[in-house]
file data10.txt (compact mmCIF, C-alpha atoms)
# COMPACT_ATOMS: atom_id res chain seq x y z
CA MET A 1 7.72 -7.54 -15.22
CA ASN A 2 10.01 -6.44 -12.41
CA ALA A 3 8.30 -5.01 -9.36
CA ILE A 4 8.81 -3.70 -5.84
CA VAL A 5 6.10 -4.17 -3.22
CA THR A 6 6.62 -2.51 0.15
CA GLY A 7 4.96 -3.66 3.37
CA ALA A 8 4.93 -7.14 1.87
CA ALA A 9 5.58 -9.36 4.89
CA ARG A 10 1.86 -9.75 5.54
CA GLY A 11 -1.57 -8.34 4.83
CA LEU A 12 -2.35 -6.34 1.70
CA GLY A 13 1.28 -6.10 0.65
CA GLU A 14 1.71 -9.86 0.73
CA ALA A 15 -1.52 -10.35 -1.26
CA VAL A 16 -0.44 -7.82 -3.89
CA ALA A 17 3.01 -9.39 -4.22
CA GLU A 18 1.47 -12.86 -4.59
CA ARG A 19 -0.86 -11.70 -7.38
CA LEU A 20 1.99 -10.04 -9.25
CA VAL A 21 4.07 -13.21 -8.99
CA ARG A 22 1.15 -15.31 -10.26
CA ASP A 23 0.78 -12.90 -13.19
CA GLY A 24 4.42 -13.34 -14.17
CA ALA A 25 6.32 -10.67 -12.28
CA ASN A 26 9.59 -10.96 -10.42
CA VAL A 27 9.29 -9.05 -7.17
CA LEU A 28 11.48 -7.43 -4.54
CA VAL A 29 9.41 -7.65 -1.35
CA ILE A 30 10.24 -5.07 1.30
CA ASP A 31 9.26 -4.84 4.94
CA ILE A 32 10.70 -3.63 8.22
CA ALA A 33 9.76 -7.03 9.71
CA PRO A 34 12.26 -9.90 9.38
CA ALA A 35 9.32 -12.15 8.44
CA VAL A 36 9.60 -10.73 4.92
CA ARG A 37 12.26 -13.37 4.27
CA GLN A 38 9.85 -16.22 4.98
CA THR A 39 7.19 -14.48 2.89
CA ALA A 40 9.60 -14.28 -0.04
CA GLU A 41 10.34 -17.99 0.19
CA ARG A 42 6.65 -18.83 0.17
CA LEU A 43 5.86 -16.52 -2.74
CA GLU A 44 8.71 -17.80 -4.85
CA ALA A 45 7.02 -21.21 -4.79
CA VAL A 46 3.82 -19.75 -6.24
CA ARG A 47 5.11 -19.78 -9.81
CA GLU A 48 7.88 -21.94 -11.19
CA GLY A 49 10.81 -19.86 -12.38
CA SER A 50 9.82 -16.74 -10.46
CA VAL A 51 12.30 -14.59 -8.57
CA VAL A 52 11.04 -13.19 -5.27
CA SER A 53 13.76 -11.45 -3.30
CA PRO A 54 13.40 -10.03 0.23
CA LEU A 55 14.82 -6.78 1.55
CA GLU A 56 14.45 -5.72 5.17
CA GLY A 57 14.36 -2.01 5.90
CA ASP A 58 12.40 1.13 6.72
CA VAL A 59 10.80 3.02 3.83
CA ALA A 60 10.60 6.11 6.06
CA GLU A 61 14.35 6.51 5.52
CA ALA A 62 15.14 8.26 2.25
CA ALA A 63 18.52 6.56 1.92
CA PHE A 64 16.90 3.15 2.24
CA ALA A 65 14.44 3.96 -0.55
CA GLU A 66 17.31 4.73 -2.91
CA LEU A 67 19.05 1.51 -1.84
CA ALA A 68 15.87 -0.51 -2.38
CA VAL A 69 15.49 0.62 -5.98
CA ASP A 70 19.16 -0.04 -6.67
CA GLU A 71 18.79 -3.52 -5.18
CA ALA A 72 15.68 -4.24 -7.23
CA GLN A 73 17.41 -3.32 -10.46
CA SER A 74 20.52 -5.28 -9.50
CA ARG A 75 18.61 -8.44 -8.51
CA LEU A 76 15.74 -8.35 -11.01
CA GLY A 77 16.54 -5.95 -13.84
CA PRO A 78 14.95 -2.63 -14.91
CA LEU A 79 12.16 -1.66 -12.53
CA GLU A 80 8.69 -1.46 -14.08
CA ILE A 81 6.29 -1.48 -11.12
CA LEU A 82 6.26 0.02 -7.62
CA VAL A 83 3.41 -0.66 -5.21
CA ASN A 84 3.60 1.35 -1.98
CA CYS A 85 1.77 -0.85 0.55
CA ALA A 86 3.84 -0.11 3.65
CA GLY A 87 1.74 1.64 6.24
CA VAL A 88 0.89 1.99 9.92
CA GLY A 89 -2.43 2.74 11.56
CA GLY A 90 -1.37 4.98 14.40
CA PRO A 91 -3.18 5.91 17.61
CA ASN A 92 -6.97 5.89 18.05
CA THR A 93 -7.05 9.21 19.91
CA GLU A 94 -8.22 12.72 19.18
CA LEU A 95 -5.43 14.95 17.94
CA ILE A 96 -5.40 17.13 21.06
CA ASP A 97 -4.63 13.99 23.07
CA THR A 98 -2.02 12.59 20.65
CA SER A 99 1.65 13.15 21.32
CA VAL A 100 4.15 14.08 18.64
CA ASP A 101 5.93 10.78 19.21
CA GLU A 102 2.68 8.95 18.39
CA LEU A 103 1.72 10.90 15.28
CA ARG A 104 5.13 11.33 13.67
CA PRO A 105 5.61 7.67 12.57
CA VAL A 106 2.22 7.70 10.82
CA ILE A 107 3.23 10.61 8.61
CA GLU A 108 6.77 9.35 8.13
CA VAL A 109 5.81 5.82 7.05
CA ASN A 110 2.53 6.39 5.22
CA LEU A 111 3.28 9.66 3.42
CA LEU A 112 7.02 10.25 3.41
CA GLY A 113 7.72 6.54 2.87
CA SER A 114 5.51 6.52 -0.22
CA MET A 115 7.12 9.74 -1.40
CA TYR A 116 10.68 8.49 -0.93
CA MET A 117 9.99 5.20 -2.68
CA ALA A 118 8.13 6.86 -5.55
CA ARG A 119 10.91 9.39 -6.02
CA ALA A 120 13.59 6.71 -6.14
CA ALA A 121 11.57 4.43 -8.43
CA ALA A 122 10.64 7.25 -10.80
CA ARG A 123 14.26 8.30 -11.08
CA GLY A 124 15.19 4.77 -12.09
CA MET A 125 12.32 4.48 -14.57
CA VAL A 126 13.15 7.81 -16.22
CA ARG A 127 16.82 6.95 -16.37
CA ASN A 128 16.07 3.57 -17.98
CA GLY A 129 13.36 4.89 -20.29
CA THR A 130 10.86 2.52 -18.68
CA GLN A 131 7.18 3.32 -19.09
CA GLY A 132 6.41 2.04 -15.65
CA VAL A 133 3.58 2.12 -13.13
CA ILE A 134 3.53 3.45 -9.57
CA ILE A 135 0.62 2.53 -7.32
CA ASN A 136 0.12 4.09 -3.90
CA ILE A 137 -2.16 2.41 -1.38
CA GLY A 138 -4.47 5.02 0.12
CA SER A 139 -7.57 4.58 2.27
CA ILE A 140 -11.19 5.65 2.53
CA PHE A 141 -9.89 7.75 5.42
CA GLY A 142 -7.77 9.62 2.91
CA GLN A 143 -11.00 10.57 1.15
CA GLN A 144 -12.98 11.48 4.25
CA GLY A 145 -11.63 12.31 7.67
CA ALA A 146 -12.41 10.27 10.76
CA ALA A 147 -12.49 11.40 14.38
CA GLY A 148 -9.69 9.78 16.34
CA ALA A 149 -7.63 9.23 13.20
CA ALA A 150 -6.32 12.66 12.23
CA PRO A 151 -2.70 11.60 11.55
CA TYR A 152 -3.81 8.57 9.53
CA SER A 153 -6.40 10.53 7.56
CA ALA A 154 -3.90 13.30 6.85
CA SER A 155 -1.24 10.83 5.74
CA LYS A 156 -3.56 8.97 3.37
CA GLY A 157 -5.07 12.20 2.03
CA GLY A 158 -1.52 13.29 1.30
CA VAL A 159 -0.88 10.02 -0.54
CA ALA A 160 -3.85 10.68 -2.85
CA LEU A 161 -2.60 14.17 -3.72
CA LEU A 162 0.94 12.87 -4.11
CA THR A 163 -0.49 10.57 -6.76
CA HIS A 164 -2.12 13.48 -8.58
CA ALA A 165 1.08 15.53 -8.62
CA LEU A 166 3.29 12.62 -9.69
CA ALA A 167 0.86 11.60 -12.43
CA LEU A 168 1.27 15.06 -13.97
CA GLU A 169 5.04 15.16 -13.51
CA LEU A 170 5.67 11.68 -14.89
CA ALA A 171 3.14 11.54 -17.73
CA PRO A 172 5.66 12.98 -20.23
CA HIS A 173 7.84 9.95 -19.48
CA GLY A 174 4.98 7.49 -20.01
CA ILE A 175 4.90 6.58 -16.32
CA ARG A 176 1.44 6.14 -14.84
CA VAL A 177 0.64 6.82 -11.17
CA ASN A 178 -2.58 5.81 -9.41
CA THR A 179 -3.99 5.24 -5.92
CA VAL A 180 -5.86 2.17 -4.76
CA SER A 181 -8.01 3.18 -1.81
CA PRO A 182 -9.20 0.25 0.35
CA GLY A 183 -12.12 0.38 2.74
CA TYR A 184 -12.51 -1.89 5.74
CA MET A 185 -10.17 -4.80 5.05
CA GLU A 186 -9.84 -8.06 6.95
CA THR A 187 -6.27 -7.34 8.01
CA GLU A 188 -4.47 -7.56 11.32
CA MET A 189 -4.16 -3.75 11.42
CA HIS A 190 -7.95 -3.36 11.19
CA MET A 191 -8.60 -6.13 13.71
CA GLU A 192 -6.24 -4.44 16.18
CA GLU A 193 -8.32 -1.28 15.82
CA LEU A 194 -11.54 -3.20 16.46
CA ARG A 195 -10.05 -4.94 19.51
CA ALA A 196 -9.11 -1.55 20.96
CA ARG A 197 -12.60 -0.25 20.23
CA SER A 198 -14.23 -3.27 21.87
CA GLN A 199 -12.19 -2.70 25.03
CA THR A 200 -13.09 0.99 25.13
CA GLU A 201 -16.80 0.34 24.59
CA GLY A 202 -17.03 -2.85 26.65
CA THR A 203 -18.20 -5.02 23.77
CA THR A 204 -16.82 -8.12 22.08
CA LEU A 205 -14.70 -8.19 18.95
CA ASP A 206 -17.51 -10.05 17.15
CA VAL A 207 -19.91 -7.21 17.88
CA GLN A 208 -17.48 -4.68 16.43
CA ILE A 209 -16.94 -6.80 13.31
CA GLU A 210 -20.69 -7.09 12.72
CA ARG A 211 -21.17 -3.33 13.16
CA VAL A 212 -18.61 -2.67 10.44
CA ARG A 213 -20.10 -5.25 8.08
CA ASP A 214 -23.61 -3.88 8.62
CA ALA A 215 -22.36 -0.49 7.39
CA ILE A 216 -20.89 -1.89 4.16
CA PRO A 217 -23.38 -2.17 1.26
CA LEU A 218 -21.76 -5.39 0.01
CA GLY A 219 -22.03 -6.81 3.53
CA ARG A 220 -18.49 -8.04 4.06
CA HIS A 221 -14.95 -6.96 4.82
CA GLY A 222 -12.56 -6.72 1.92
CA VAL A 223 -9.69 -9.19 1.63
CA GLY A 224 -6.22 -8.95 0.18
CA SER A 225 -7.22 -10.41 -3.17
CA ASP A 226 -9.72 -7.57 -3.68
CA VAL A 227 -6.93 -4.99 -3.53
CA ALA A 228 -4.55 -7.24 -5.45
CA GLY A 229 -7.07 -7.53 -8.28
CA ALA A 230 -7.29 -3.76 -8.62
CA VAL A 231 -3.51 -3.51 -8.65
CA ALA A 232 -3.28 -6.25 -11.29
CA TRP A 233 -5.62 -4.29 -13.53
CA LEU A 234 -3.79 -1.00 -13.04
CA VAL A 235 -0.42 -2.49 -14.00
CA SER A 236 -1.89 -4.19 -17.08
CA ASP A 237 -2.20 -2.84 -20.60
CA ASP A 238 -5.96 -2.68 -20.04
CA ALA A 239 -5.31 0.38 -17.85
CA SER A 240 -2.79 2.03 -20.18
CA TYR A 241 -4.92 5.22 -20.35
CA VAL A 242 -5.49 5.46 -16.59
CA THR A 243 -3.36 7.80 -14.50
CA GLY A 244 -3.86 10.15 -11.58
CA GLN A 245 -6.92 8.23 -10.38
CA THR A 246 -8.10 6.95 -7.02
CA ILE A 247 -9.68 3.51 -7.39
CA GLY A 248 -11.92 2.72 -4.43
CA VAL A 249 -11.98 -0.89 -3.21
CA ASN A 250 -14.44 -0.42 -0.37
CA GLY A 251 -17.63 -2.45 -0.86
CA GLY A 252 -19.56 0.76 -1.45
CA ILE A 253 -19.19 2.14 2.07
CA VAL A 254 -18.44 5.66 0.84
CA LEU A 255 -21.97 5.67 -0.63
CA SER A 256 -23.77 4.91 2.61

call {"tool": "encode", "arguments": {"input": "data10.txt", "output": "structure tokens"}}
result
Amino acid sequence: MNAIVTGAARGLGEAVAERLVRDGANVLVIDIAPAVRQTAERLEAVREGSVVSPLEGDVAEAAFAELAVDEAQSRLGPLEILVNCAGVGGPNTELIDTSVDELRPVIEVNLLGSMYMARAAARGMVRNGTQGVIINIGSIFGQQGAAGAAPYSASKGGVALLTHALALELAPHGIRVNTVSPGYMETEMHMEELRARSQTEGTTLDVQIERVRDAIPLGRHGVGSDVAGAVAWLVSDDASYVTGQTIGVNGGIVLS
């Protein structure tokens, strides 16, 4: 398997890339952060004989997305898997108090970045006759809005509907498209949000963490391997009849 994982320098993207490598894939790991090079070195040691190649760049630039797919096919071979993990959280303010400069990157990275990468990858898959898989990383906040997170909710809601549209467009080519929608994950992005909330409310970070966990039926934050496991299933033959779906990885919080 030859795969691209965006946002792979850390967090969910790194966990997804590691699982794909363990399962036998060669992976082009992409991130805007230079640390993606060190991540690639570490992941290449996970499985003997694997190829894990780094590429630094911004998925919010359409030209870079085209370059990334070309690089993946040049370094690895025909592209079979794309996982769009790159994302930003954005401001924790109500929309009326959010500037254009604050909200624009959220839409550009989360939604347009996923769209650009999916477009470029799909073109390559169709051209090569590859029955590939595209997975977009959504969010519970793409399924239900949240006050103080309008740009993020809108971007992730757009990702889910992008998946639906692409699944219909690409089904005739045998290309499957799905969304994995995490809940509260133990990532640096989420912890930054909780730190900001603790400062605003005058509490400690530990108090904020416990409040979140108390709201989750399974009683814990998710971790990268939870999302990576869902991705591993979706790219496998066991999910060969699954397309256009949103797979929630959220500990049941949408039920509470």

call {"tool": "residues_around", "arguments": {"input": "data10.txt", "residues": "Val126 (chain A)", "least_positions_apart": "2", "cutoff": "12 Å", "atoms": "only C-alpha atoms", "output": "VMD selection string"}}
result
chain A and resid 78 to 80 118 to 124 128 to 133 169 to 176

call {"tool": "atom_distance", "arguments": {"input": "data10.txt", "atom1": "CA of Gly229 (chain A)", "atom2": "CA of Ser53 (chain A)"}}
result
21.8 Å

call {"tool": "residues_around", "arguments": {"input": "data10.txt", "residues": "His164 (chain A)", "least_positions_apart": "3", "cutoff": "12 Å", "atoms": "only C-alpha atoms", "output": "VMD selection string"}}
result
chain A and resid 134 to 136 157 to 161 167 to 171 176 to 179 242 to 246

call {"tool": "write_last_selection", "arguments": {"input": "data10.txt", "atoms": "C-alpha atoms", "output": "short mmCIF file (atom, residue, chain, number, x, y, z; two decimals), in the frame of the given file"}}
result
data_model
loop_
_atom_site.label_atom_id
_atom_site.label_comp_id
_atom_site.auth_asym_id
_atom_site.auth_seq_id
_atom_site.Cartn_x
_atom_site.Cartn_y
_atom_site.Cartn_z
CA ILE A 134 3.53 3.45 -9.57
CA ILE A 135 0.62 2.53 -7.32
CA ASN A 136 0.12 4.09 -3.90
CA GLY A 157 -5.07 12.20 2.03
CA GLY A 158 -1.52 13.29 1.30
CA VAL A 159 -0.88 10.02 -0.54
CA ALA A 160 -3.85 10.68 -2.85
CA LEU A 161 -2.60 14.17 -3.72
CA ALA A 167 0.86 11.60 -12.43
CA LEU A 168 1.27 15.06 -13.97
CA GLU A 169 5.04 15.16 -13.51
CA LEU A 170 5.67 11.68 -14.89
CA ALA A 171 3.14 11.54 -17.73
CA ARG A 176 1.44 6.14 -14.84
CA VAL A 177 0.64 6.82 -11.17
CA ASN A 178 -2.58 5.81 -9.41
CA THR A 179 -3.99 5.24 -5.92
CA VAL A 242 -5.49 5.46 -16.59
CA THR A 243 -3.36 7.80 -14.50
CA GLY A 244 -3.86 10.15 -11.58
CA GLN A 245 -6.92 8.23 -10.38
CA THR A 246 -8.10 6.95 -7.02
#

call {"tool": "closest_residue", "arguments": {"input": "data10.txt", "among": "A:Leu67, A:Met189, A:Val109, A:Ala33", "to": "Gly89 (chain A)", "atoms": "only C-alpha atoms"}}
result
A:Met189

call {"tool": "atom_distance", "arguments": {"input": "data10.txt", "atom1": "CA of Val207 (chain A)", "atom2": "CA of Gly148 (chain A)"}}
result
19.9 Å

call {"tool": "closest_residue", "arguments": {"input": "data10.txt", "among": "A:Glu18, A:Asp214, A:Glu102, A:Asp97", "to": "Val52 (chain A)", "atoms": "only C-alpha atoms"}}
result
A:Glu18

call {"tool": "atom_distance", "arguments": {"input": "data10.txt", "atom1": "CA of Gly13 (chain A)", "atom2": "CA of Cys85 (chain A)"}}
result
5.3 Å

call {"tool": "closest_residue", "arguments": {"input": "data10.txt", "among": "A:His190, A:Lys156, A:Arg75, A:Arg211", "to": "Val27 (chain A)", "atoms": "all atoms listed in the file"}}
result
A:Arg75

call {"tool": "residues_around", "arguments": {"input": "data10.txt", "residues": "Ile4 (chain A)", "least_positions_apart": "3", "cutoff": "9 Å", "atoms": "only C-alpha atoms", "output": "ChimeraX atom specification"}}
result
/A:17,26-30,68-69,72,79-84,121

call {"tool": "closest_residue", "arguments": {"input": "data10.txt", "among": "A:Pro34, A:Gly24, A:Gly248, A:Gly202", "to": "Val46 (chain A)", "atoms": "all atoms listed in the file"}}
result
A:Gly24

call {"tool": "residues_around", "arguments": {"input": "data10.txt", "residues": "Ile140 (chain A)", "least_positions_apart": "6", "cutoff": "7 Å", "atoms": "only C-alpha atoms", "output": "NGL selection string"}}
result
:A and (181-183)

call {"tool": "residues_near_point", "arguments": {"input": "data10.txt", "point": "(-6.1, -6.7, -7.8)", "cutoff": "10 Å", "atoms": "only C-alpha atoms", "output": "list in words"}}
result
Ala15, Val16, Arg19, Leu20, Val180, Gly224, Ser225, Asp226, Val227, Ala228, Gly229, Ala230, Val231, Ala232, Trp233, Leu234, Val235 and Val249 of chain A

call {"tool": "closest_residue", "arguments": {"input": "data10.txt", "among": "A:Leu111, A:Val88, A:Ala146, A:Leu194", "to": "Ile32 (chain A)", "atoms": "all atoms listed in the file"}}
result
A:Val88

call {"tool": "closest_residue", "arguments": {"input": "data10.txt", "among": "A:Pro151, A:Val223, A:Val51, A:Arg22", "to": "Leu76 (chain A)", "atoms": "only C-alpha atoms"}}
result
A:Val51

call {"tool": "residues_around", "arguments": {"input": "data10.txt", "residues": "Leu205 (chain A)", "least_positions_apart": "3", "cutoff": "8 Å", "atoms": "all atoms listed in the file", "output": "ChimeraX atom specification"}}
result
/A:194-195,198,208-209

call {"tool": "residues_near_point", "arguments": {"input": "data10.txt", "point": "(6.5, 10.7, 11.5)", "cutoff": "12 Å", "atoms": "all atoms listed in the file", "output": "list in words"}}
result
Val59, Ala60, Glu61, Gly87, Val88, Gly89, Gly90, Ser99, Val100, Asp101, Glu102, Leu103, Arg104, Pro105, Val106, Ile107, Glu108, Val109, Asn110, Leu111, Leu112, Gly113, Pro151, Tyr152, Ala154 and Ser155 of chain A

call {"tool": "build_atoms", "arguments": {"input": "data10.txt", "residues": "region 46-72 of chain A", "atoms": "N, CA and C atoms", "output": "PDB file, keeping the file's coordinate frame"}}
result
ATOM      1  N   VAL A  46       5.121 -19.928  -5.603  1.00  0.00           N
ATOM      2  CA  VAL A  46       3.820 -19.750  -6.240  1.00  0.00           C
ATOM      3  C   VAL A  46       3.880 -20.015  -7.736  1.00  0.00           C
ATOM      4  N   ARG A  47       4.965 -19.591  -8.362  1.00  0.00           N
ATOM      5  CA  ARG A  47       5.110 -19.780  -9.810  1.00  0.00           C
ATOM      6  C   ARG A  47       6.501 -20.293 -10.115  1.00  0.00           C
ATOM      7  N   GLU A  48       6.585 -21.370 -10.833  1.00  0.00           N
ATOM      8  CA  GLU A  48       7.880 -21.940 -11.190  1.00  0.00           C
ATOM      9  C   GLU A  48       8.676 -20.945 -12.024  1.00  0.00           C
ATOM     10  N   GLY A  49       9.929 -20.764 -11.649  1.00  0.00           N
ATOM     11  CA  GLY A  49      10.810 -19.860 -12.380  1.00  0.00           C
ATOM     12  C   GLY A  49      10.766 -18.422 -11.925  1.00  0.00           C
ATOM     13  N   SER A  50       9.912 -18.120 -10.944  1.00  0.00           N
ATOM     14  CA  SER A  50       9.820 -16.740 -10.460  1.00  0.00           C
ATOM     15  C   SER A  50      11.017 -16.392  -9.586  1.00  0.00           C
ATOM     16  N   VAL A  51      11.284 -15.096  -9.497  1.00  0.00           N
ATOM     17  CA  VAL A  51      12.300 -14.590  -8.570  1.00  0.00           C
ATOM     18  C   VAL A  51      11.588 -13.660  -7.593  1.00  0.00           C
ATOM     19  N   VAL A  52      11.605 -14.017  -6.324  1.00  0.00           N
ATOM     20  CA  VAL A  52      11.040 -13.190  -5.270  1.00  0.00           C
ATOM     21  C   VAL A  52      12.142 -12.981  -4.242  1.00  0.00           C
ATOM     22  N   SER A  53      12.598 -11.749  -4.125  1.00  0.00           N
ATOM     23  CA  SER A  53      13.760 -11.450  -3.300  1.00  0.00           C
ATOM     24  C   SER A  53      13.371 -10.539  -2.143  1.00  0.00           C
ATOM     25  N   PRO A  54      13.772 -10.860  -0.913  1.00  0.00           N
ATOM     26  CA  PRO A  54      13.400 -10.030   0.230  1.00  0.00           C
ATOM     27  C   PRO A  54      14.429  -8.940   0.521  1.00  0.00           C
ATOM     28  N   LEU A  55      13.942  -7.851   1.083  1.00  0.00           N
ATOM     29  CA  LEU A  55      14.820  -6.780   1.550  1.00  0.00           C
ATOM     30  C   LEU A  55      14.192  -6.195   2.807  1.00  0.00           C
ATOM     31  N   GLU A  56      14.937  -6.223   3.886  1.00  0.00           N
ATOM     32  CA  GLU A  56      14.450  -5.720   5.170  1.00  0.00           C
ATOM     33  C   GLU A  56      14.917  -4.284   5.356  1.00  0.00           C
ATOM     34  N   GLY A  57      13.981  -3.397   5.681  1.00  0.00           N
ATOM     35  CA  GLY A  57      14.360  -2.010   5.900  1.00  0.00           C
ATOM     36  C   GLY A  57      13.152  -1.111   6.079  1.00  0.00           C
ATOM     37  N   ASP A  58      13.426   0.149   6.371  1.00  0.00           N
ATOM     38  CA  ASP A  58      12.400   1.130   6.720  1.00  0.00           C
ATOM     39  C   ASP A  58      12.222   2.131   5.584  1.00  0.00           C
ATOM     40  N   VAL A  59      11.044   2.115   4.953  1.00  0.00           N
ATOM     41  CA  VAL A  59      10.800   3.020   3.830  1.00  0.00           C
ATOM     42  C   VAL A  59      10.743   4.478   4.269  1.00  0.00           C
ATOM     43  N   ALA A  60      10.621   4.732   5.569  1.00  0.00           N
ATOM     44  CA  ALA A  60      10.600   6.110   6.060  1.00  0.00           C
ATOM     45  C   ALA A  60      11.981   6.740   6.050  1.00  0.00           C
ATOM     46  N   GLU A  61      12.993   5.983   5.652  1.00  0.00           N
ATOM     47  CA  GLU A  61      14.350   6.510   5.520  1.00  0.00           C
ATOM     48  C   GLU A  61      14.660   6.708   4.045  1.00  0.00           C
ATOM     49  N   ALA A  62      14.928   7.936   3.660  1.00  0.00           N
ATOM     50  CA  ALA A  62      15.140   8.260   2.250  1.00  0.00           C
ATOM     51  C   ALA A  62      16.306   7.474   1.652  1.00  0.00           C
ATOM     52  N   ALA A  63      17.358   7.289   2.421  1.00  0.00           N
ATOM     53  CA  ALA A  63      18.520   6.560   1.920  1.00  0.00           C
ATOM     54  C   ALA A  63      18.165   5.106   1.639  1.00  0.00           C
ATOM     55  N   PHE A  64      17.308   4.530   2.483  1.00  0.00           N
ATOM     56  CA  PHE A  64      16.900   3.150   2.240  1.00  0.00           C
ATOM     57  C   PHE A  64      16.090   3.031   0.959  1.00  0.00           C
ATOM     58  N   ALA A  65      15.241   4.006   0.679  1.00  0.00           N
ATOM     59  CA  ALA A  65      14.440   3.960  -0.550  1.00  0.00           C
ATOM     60  C   ALA A  65      15.335   3.925  -1.780  1.00  0.00           C
ATOM     61  N   GLU A  66      16.373   4.733  -1.782  1.00  0.00           N
ATOM     62  CA  GLU A  66      17.310   4.730  -2.910  1.00  0.00           C
ATOM     63  C   GLU A  66      18.005   3.366  -3.010  1.00  0.00           C
ATOM     64  N   LEU A  67      18.406   2.823  -1.865  1.00  0.00           N
ATOM     65  CA  LEU A  67      19.050   1.510  -1.840  1.00  0.00           C
ATOM     66  C   LEU A  67      18.104   0.442  -2.369  1.00  0.00           C
ATOM     67  N   ALA A  68      16.841   0.503  -1.984  1.00  0.00           N
ATOM     68  CA  ALA A  68      15.870  -0.510  -2.380  1.00  0.00           C
ATOM     69  C   ALA A  68      15.715  -0.561  -3.894  1.00  0.00           C
ATOM     70  N   VAL A  69      15.640   0.595  -4.525  1.00  0.00           N
ATOM     71  CA  VAL A  69      15.490   0.620  -5.980  1.00  0.00           C
ATOM     72  C   VAL A  69      16.758   0.094  -6.649  1.00  0.00           C
ATOM     73  N   ASP A  70      17.901   0.483  -6.130  1.00  0.00           N
ATOM     74  CA  ASP A  70      19.160  -0.040  -6.670  1.00  0.00           C
ATOM     75  C   ASP A  70      19.219  -1.566  -6.546  1.00  0.00           C
ATOM     76  N   GLU A  71      18.787  -2.084  -5.396  1.00  0.00           N
ATOM     77  CA  GLU A  71      18.790  -3.520  -5.180  1.00  0.00           C
ATOM     78  C   GLU A  71      17.825  -4.233  -6.119  1.00  0.00           C
ATOM     79  N   ALA A  72      16.661  -3.639  -6.325  1.00  0.00           N
ATOM     80  CA  ALA A  72      15.680  -4.240  -7.230  1.00  0.00           C
ATOM     81  C   ALA A  72      16.236  -4.362  -8.634  1.00  0.00           C
TER      82      ALA A  72
END
